[in-house]
Amino acid sequence: MGKTKEWKGKTGGANWMHRSLIRMMRYVPLWGLYGFADLFVIPFCMLFARKGYLAQYRFFRNRFGESKLKAFWHTYINHCRFAEIILDRFYVYAGGRVRFDIPDYERYQRLANGDGGFVILSAHVGNYEAAGYTLVAQSKRFNVLVYAGEAETVMENRQRMFEDNNLHMILIRKDMSHLFEISNCLSDGESVSIPADRVFGSNRHYKLPFLNEDAAFPMGPFAIAAQREVPVLTIHVMKTGWKRYRIYIEQLDAGMGTMKQRAAQLASQYARTLEAIVRKHPTQWFNYYNFWNQ
């Protein structure tokens, strides 16, 4: 079977469309845009973007054992959630506010206010970008690893939103030069946020049980944390209602042993933590490709 091209996560649409949407957000109620996207845009996308649709449909069929009808319905809801989360991002860009519930905020604050650096592991679920709107980094800089090919308008607004919270974007590059910047940030006692659910650049990965079948997770994020011997958090920002999100914060334990053993332990814990999040919020899984046969 040929390798499925990985979805890159770039926000669709031209820059002028993004700017128009931001201006529109100041006059059109968010619920109206939700309704238009759910009723008209999503069916069109599902019809013509079949690779993403089929990957998601098989996700519900194979991973959760759902019937054909239920899997189709959840695939539709998944696409709606994705559209709503994108709209939420632009709503915030336009000056709107959303509410965040953070029951374990002290886990982040303890490390953010400490002296040493630490690693935050994220995933392509929910609306992780929103963490940058609310997790304030006053005493140390919060560095976020992001895809370099994202739309210009999105990058501009991210930069504007992040500046107020002392956040800095590190661009993922094919020459892997971002690894040196990550290392320098951790050496300076800063935090670094790294997506840990996709193999990018290097093919080195762990095969770990995830939703009842082995899946590939990149070695890089876990090796960096183990080599630097820094604390590791997982942060997932999940949509729970109208203009409302819940931020799940967990701290992983690398345990004892060699660097390779500690990295493998972190990877295993990360996969279990991510699985618990996905089982709780299955319609917010946004990997639109065959995750188990990369």
# chains A, B, ... in the order shown; residues from 1 in each chain; ligands from 1
>>> residues_around(residues="stretch 103-107 of chain A", least_positions_apart="4", cutoff="9 Å", atoms="only C-alpha atoms", output="number ranges by chain")
A: 111-112, 135, 233, 246-251
>>> write_last_selection(atoms="N, CA, C and O atoms", output="short mmCIF file (atom, residue, chain, number, x, y, z; two decimals), in the first residue's frame")
data_model
loop_
_atom_site.label_atom_id
_atom_site.label_comp_id
_atom_site.auth_asym_id
_atom_site.auth_seq_id
_atom_site.Cartn_x
_atom_site.Cartn_y
_atom_site.Cartn_z
N LEU A 111 5.78 25.25 37.03
CA LEU A 111 6.94 25.19 36.14
C LEU A 111 7.22 26.53 35.47
O LEU A 111 8.38 26.92 35.29
N ALA A 112 6.15 27.26 35.13
CA ALA A 112 6.33 28.56 34.47
C ALA A 112 7.00 29.57 35.40
O ALA A 112 7.73 30.45 34.94
N LEU A 135 -2.46 30.92 28.64
CA LEU A 135 -1.38 30.46 29.51
C LEU A 135 -0.27 31.52 29.51
O LEU A 135 0.62 31.51 28.66
N LEU A 233 5.14 18.43 30.32
CA LEU A 233 3.69 18.54 30.47
C LEU A 233 3.02 18.16 29.15
O LEU A 233 3.59 18.35 28.08
N ARG A 246 -11.95 23.64 27.68
CA ARG A 246 -11.34 23.08 28.89
C ARG A 246 -9.89 22.71 28.55
O ARG A 246 -9.63 22.05 27.54
N ILE A 247 -8.97 23.15 29.39
CA ILE A 247 -7.55 22.86 29.18
C ILE A 247 -7.13 21.74 30.13
O ILE A 247 -7.19 21.90 31.35
N TYR A 248 -6.72 20.62 29.55
CA TYR A 248 -6.25 19.48 30.31
C TYR A 248 -4.73 19.54 30.42
O TYR A 248 -4.04 19.59 29.40
N ILE A 249 -4.21 19.55 31.64
CA ILE A 249 -2.77 19.63 31.87
C ILE A 249 -2.34 18.43 32.70
O ILE A 249 -2.85 18.21 33.80
N GLU A 250 -1.41 17.64 32.16
CA GLU A 250 -0.87 16.49 32.86
C GLU A 250 0.66 16.58 32.85
O GLU A 250 1.25 17.07 31.89
N GLN A 251 1.30 16.08 33.92
CA GLN A 251 2.75 16.03 33.94
C GLN A 251 3.20 14.59 33.80
O GLN A 251 2.70 13.69 34.50
#
>>> residues_around(residues="stretch 85-87 of chain A", least_positions_apart="2", cutoff="8 Å", atoms="only C-alpha atoms", output="VMD selection string")
chain A and resid 30 33 to 34 81 to 83 89 to 91 126 to 127 239
>>> residues_around(residues="A:Ile42", least_positions_apart="3", cutoff="8 Å", atoms="only C-alpha atoms", output="JSON, numbers by chain")
{"A": [37, 38, 39, 45, 46, 76, 79, 80, 83]}
>>> write_last_selection(atoms="C-alpha atoms", output="short mmCIF file (atom, residue, chain, number, x, y, z; two decimals), in the first residue's frame")
data_model
loop_
_atom_site.label_atom_id
_atom_site.label_comp_id
_atom_site.auth_asym_id
_atom_site.auth_seq_id
_atom_site.Cartn_x
_atom_site.Cartn_y
_atom_site.Cartn_z
CA ALA A 37 -20.38 26.40 7.92
CA ASP A 38 -22.20 23.38 9.35
CA LEU A 39 -25.06 23.42 6.84
CA CYS A 45 -15.90 19.74 1.89
CA MET A 46 -16.86 16.18 2.72
CA TYR A 76 -19.84 15.03 9.89
CA HIS A 79 -15.80 18.33 10.37
CA CYS A 80 -18.25 20.74 12.01
CA ALA A 83 -14.80 24.44 11.24
#
>>> select_by_dssp(residues="stretch 18-267 of chain A", states="strand (DSSP E)", output="number ranges by chain")
A: 99-101, 118-122, 142-147, 167-172, 191-195, 205-210, 213-218, 232-241, 244-252
>>> write_last_selection(atoms="C-alpha atoms", output="JSON list (two decimals), in the first residue's frame")
[["chain", "number", "residue", "atom", "x", "y", "z"],
["A", 99, "ARG", "CA", -13.88, 31.14, 28.26],
["A", 100, "PHE", "CA", -11.32, 28.64, 29.50],
["A", 101, "ASP", "CA", -11.72, 26.15, 32.35],
["A", 118, "PHE", "CA", 10.42, 22.53, 30.50],
["A", 119, "VAL", "CA", 8.75, 20.88, 27.52],
["A", 120, "ILE", "CA", 5.05, 20.97, 26.63],
["A", 121, "LEU", "CA", 3.80, 18.20, 24.34],
["A", 122, "SER", "CA", 0.72, 18.91, 22.23],
["A", 142, "PHE", "CA", 6.96, 30.37, 26.08],
["A", 143, "ASN", "CA", 8.29, 29.07, 22.72],
["A", 144, "VAL", "CA", 5.83, 27.36, 20.37],
["A", 145, "LEU", "CA", 6.91, 25.09, 17.52],
["A", 146, "VAL", "CA", 4.64, 25.79, 14.53],
["A", 147, "TYR", "CA", 4.40, 24.73, 10.88],
["A", 167, "LEU", "CA", 5.25, 33.82, 23.44],
["A", 168, "HIS", "CA", 7.66, 33.20, 20.58],
["A", 169, "MET", "CA", 7.09, 31.04, 17.50],
["A", 170, "ILE", "CA", 9.77, 28.58, 16.33],
["A", 171, "LEU", "CA", 9.15, 27.57, 12.72],
["A", 172, "ILE", "CA", 9.46, 23.88, 11.80],
["A", 191, "SER", "CA", 9.61, 26.47, 27.92],
["A", 192, "VAL", "CA", 9.12, 24.88, 24.52],
["A", 193, "SER", "CA", 5.87, 23.54, 23.12],
["A", 194, "ILE", "CA", 6.26, 20.67, 20.63],
["A", 195, "PRO", "CA", 3.61, 18.67, 18.72],
["A", 205, "HIS", "CA", 9.73, 6.85, 15.69],
["A", 206, "TYR", "CA", 8.21, 4.64, 18.36],
["A", 207, "LYS", "CA", 5.52, 2.10, 17.59],
["A", 208, "LEU", "CA", 3.12, 2.40, 20.50],
["A", 209, "PRO", "CA", -0.31, 0.94, 21.26],
["A", 210, "PHE", "CA", -2.88, 3.64, 20.61],
["A", 213, "GLU", "CA", -3.48, -0.73, 17.34],
["A", 214, "ASP", "CA", 0.17, 0.28, 17.11],
["A", 215, "ALA", "CA", 0.78, 3.79, 15.77],
["A", 216, "ALA", "CA", 3.93, 5.80, 15.00],
["A", 217, "PHE", "CA", 5.00, 8.60, 17.35],
["A", 218, "PRO", "CA", 8.13, 10.68, 16.65],
["A", 232, "VAL", "CA", 7.34, 17.45, 30.63],
["A", 233, "LEU", "CA", 3.69, 18.54, 30.47],
["A", 234, "THR", "CA", 0.94, 17.54, 28.07],
["A", 235, "ILE", "CA", -1.60, 20.26, 27.30],
["A", 236, "HIS", "CA", -4.79, 19.69, 25.32],
["A", 237, "VAL", "CA", -7.37, 22.43, 24.75],
["A", 238, "MET", "CA", -10.77, 20.89, 24.00],
["A", 239, "LYS", "CA", -13.97, 22.65, 22.96],
["A", 240, "THR", "CA", -16.72, 21.95, 25.50],
["A", 241, "GLY", "CA", -19.44, 24.41, 24.54],
["A", 244, "ARG", "CA", -15.94, 27.60, 25.99],
["A", 245, "TYR", "CA", -12.89, 25.34, 26.30],
["A", 246, "ARG", "CA", -11.34, 23.08, 28.89],
["A", 247, "ILE", "CA", -7.55, 22.86, 29.18],
["A", 248, "TYR", "CA", -6.25, 19.48, 30.31],
["A", 249, "ILE", "CA", -2.77, 19.63, 31.87],
["A", 250, "GLU", "CA", -0.87, 16.49, 32.86],
["A", 251, "GLN", "CA", 2.75, 16.03, 33.94],
["A", 252, "LEU", "CA", 4.66, 13.01, 32.65]]
>>> select_by_dssp(residues="stretch 35-222 of chain A", states="helix (DSSP H, G or I)", output="number ranges by chain")
A: 35-48, 50-64, 68-93, 105-112, 128-134, 152-163, 178-187, 220-222
>>> residues_around(residues="A:Gly96", least_positions_apart="5", cutoff="12 Å", atoms="only C-alpha atoms", output="list in words")
Ile22, Arg23, Met24, Met25, Arg26, Tyr27, Val28, Pro29, Leu30, Leu87, Asp88, Arg89, Phe90, Tyr91, Tyr133, Met161 and Lys243 of chain A
>>> closest_residue(among="A:Lys51, A:Ala94, A:Ser139, A:Asp197", to="A:Arg272", atoms="only C-alpha atoms")
A:Asp197
>>> closest_residue(among="A:Leu274, A:Met219, A:Ile224, A:Asn212", to="A:Phe64", atoms="only C-alpha atoms")
A:Asn212
>>> atom_distance(atom1="atom CA of A:Ile77", atom2="atom CA of A:Trp285")
10.9 Å
>>> residues_around(residues="A:Trp73", least_positions_apart="6", cutoff="12 Å", atoms="only C-alpha atoms", output="list in words")
Pro43, Met46, Tyr53, Gln56, Tyr57, Phe60, Arg61, Glu66, Ser67, His79, Cys80 and Thr283 of chain A
>>> write_last_selection(atoms="N, CA, C and O atoms", output="compact mmCIF listing (two decimals), in the first residue's frame")
# COMPACT_ATOMS: atom_id res chain seq x y z
N PRO A 43 -20.77 19.98 4.18
CA PRO A 43 -21.16 18.96 3.20
C PRO A 43 -20.36 19.06 1.90
O PRO A 43 -19.98 18.03 1.31
N MET A 46 -16.84 17.63 2.60
CA MET A 46 -16.86 16.18 2.72
C MET A 46 -17.02 15.51 1.36
O MET A 46 -16.48 14.43 1.12
N TYR A 53 -12.14 12.85 4.54
CA TYR A 53 -13.41 12.28 4.97
C TYR A 53 -13.28 10.78 5.23
O TYR A 53 -13.73 10.28 6.27
N GLN A 56 -11.29 9.92 8.38
CA GLN A 56 -12.05 10.15 9.60
C GLN A 56 -13.15 9.10 9.78
O GLN A 56 -13.40 8.62 10.88
N TYR A 57 -13.80 8.75 8.68
CA TYR A 57 -14.84 7.72 8.73
C TYR A 57 -14.26 6.39 9.22
O TYR A 57 -14.83 5.72 10.09
N PHE A 60 -13.57 6.27 13.04
CA PHE A 60 -14.71 5.91 13.89
C PHE A 60 -15.11 4.44 13.69
O PHE A 60 -15.50 3.77 14.66
N ARG A 61 -15.00 3.95 12.48
CA ARG A 61 -15.36 2.56 12.21
C ARG A 61 -14.36 1.58 12.86
O ARG A 61 -14.76 0.63 13.53
N GLU A 66 -17.82 1.62 15.42
CA GLU A 66 -19.16 2.17 15.22
C GLU A 66 -19.80 1.63 13.95
O GLU A 66 -19.12 1.19 13.01
N SER A 67 -21.11 1.68 13.91
CA SER A 67 -21.85 1.28 12.72
C SER A 67 -21.58 2.27 11.60
O SER A 67 -21.08 3.38 11.83
N HIS A 79 -16.08 17.24 11.30
CA HIS A 79 -15.80 18.33 10.37
C HIS A 79 -16.43 19.63 10.86
O HIS A 79 -15.83 20.71 10.71
N CYS A 80 -17.60 19.54 11.45
CA CYS A 80 -18.25 20.74 12.01
C CYS A 80 -17.43 21.31 13.15
O CYS A 80 -17.23 22.53 13.25
N THR A 283 -14.70 13.40 18.56
CA THR A 283 -15.00 14.22 17.38
C THR A 283 -14.05 15.41 17.24
O THR A 283 -14.21 16.21 16.32
>>> residues_around(residues="A:Gln227", least_positions_apart="2", cutoff="9 Å", atoms="only C-alpha atoms", output="PDB file with N, CA and C atoms, in the first residue's frame")
ATOM      1  N   PHE A 222      10.447  13.458  22.634  1.00  0.00           N
ATOM      2  CA  PHE A 222      10.722  12.732  23.875  1.00  0.00           C
ATOM      3  C   PHE A 222      12.227  12.636  24.139  1.00  0.00           C
ATOM      4  N   ALA A 223      13.011  12.496  23.066  1.00  0.00           N
ATOM      5  CA  ALA A 223      14.465  12.447  23.206  1.00  0.00           C
ATOM      6  C   ALA A 223      15.008  13.786  23.695  1.00  0.00           C
ATOM      7  N   ILE A 224      14.435  14.877  23.191  1.00  0.00           N
ATOM      8  CA  ILE A 224      14.874  16.207  23.624  1.00  0.00           C
ATOM      9  C   ILE A 224      14.641  16.389  25.118  1.00  0.00           C
ATOM     10  N   ALA A 225      13.442  16.020  25.577  1.00  0.00           N
ATOM     11  CA  ALA A 225      13.115  16.175  26.993  1.00  0.00           C
ATOM     12  C   ALA A 225      13.987  15.281  27.871  1.00  0.00           C
ATOM     13  N   GLU A 229      16.764  16.444  30.463  1.00  0.00           N
ATOM     14  CA  GLU A 229      16.291  16.117  31.814  1.00  0.00           C
ATOM     15  C   GLU A 229      15.421  17.243  32.377  1.00  0.00           C
ATOM     16  N   VAL A 230      14.460  17.687  31.559  1.00  0.00           N
ATOM     17  CA  VAL A 230      13.549  18.754  31.969  1.00  0.00           C
ATOM     18  C   VAL A 230      12.158  18.172  32.199  1.00  0.00           C
ATOM     19  N   MET A 259      19.057   7.558  28.939  1.00  0.00           N
ATOM     20  CA  MET A 259      18.303   8.560  28.197  1.00  0.00           C
ATOM     21  C   MET A 259      17.271   7.898  27.267  1.00  0.00           C
ATOM     22  N   LYS A 260      17.687   6.813  26.584  1.00  0.00           N
ATOM     23  CA  LYS A 260      16.768   6.124  25.681  1.00  0.00           C
ATOM     24  C   LYS A 260      15.589   5.527  26.438  1.00  0.00           C
ATOM     25  N   ARG A 262      14.347   6.614  29.310  1.00  0.00           N
ATOM     26  CA  ARG A 262      13.486   7.692  29.788  1.00  0.00           C
ATOM     27  C   ARG A 262      12.662   8.287  28.655  1.00  0.00           C
ATOM     28  N   ALA A 263      13.260   8.400  27.481  1.00  0.00           N
ATOM     29  CA  ALA A 263      12.523   8.908  26.328  1.00  0.00           C
ATOM     30  C   ALA A 263      11.387   7.959  25.951  1.00  0.00           C
TER      31      ALA A 263
END
>>> atom_distance(atom1="atom CA of A:Tyr128", atom2="atom CA of A:Ala271")
16.9 Å
>>> residues_around(residues="A:Asn290", least_positions_apart="2", cutoff="6 Å", atoms="only C-alpha atoms", output="ChimeraX atom specification")
/A:55,292-293
>>> atom_distance(atom1="atom CA of A:Glu190", atom2="atom CA of A:Gly257")
25.0 Å
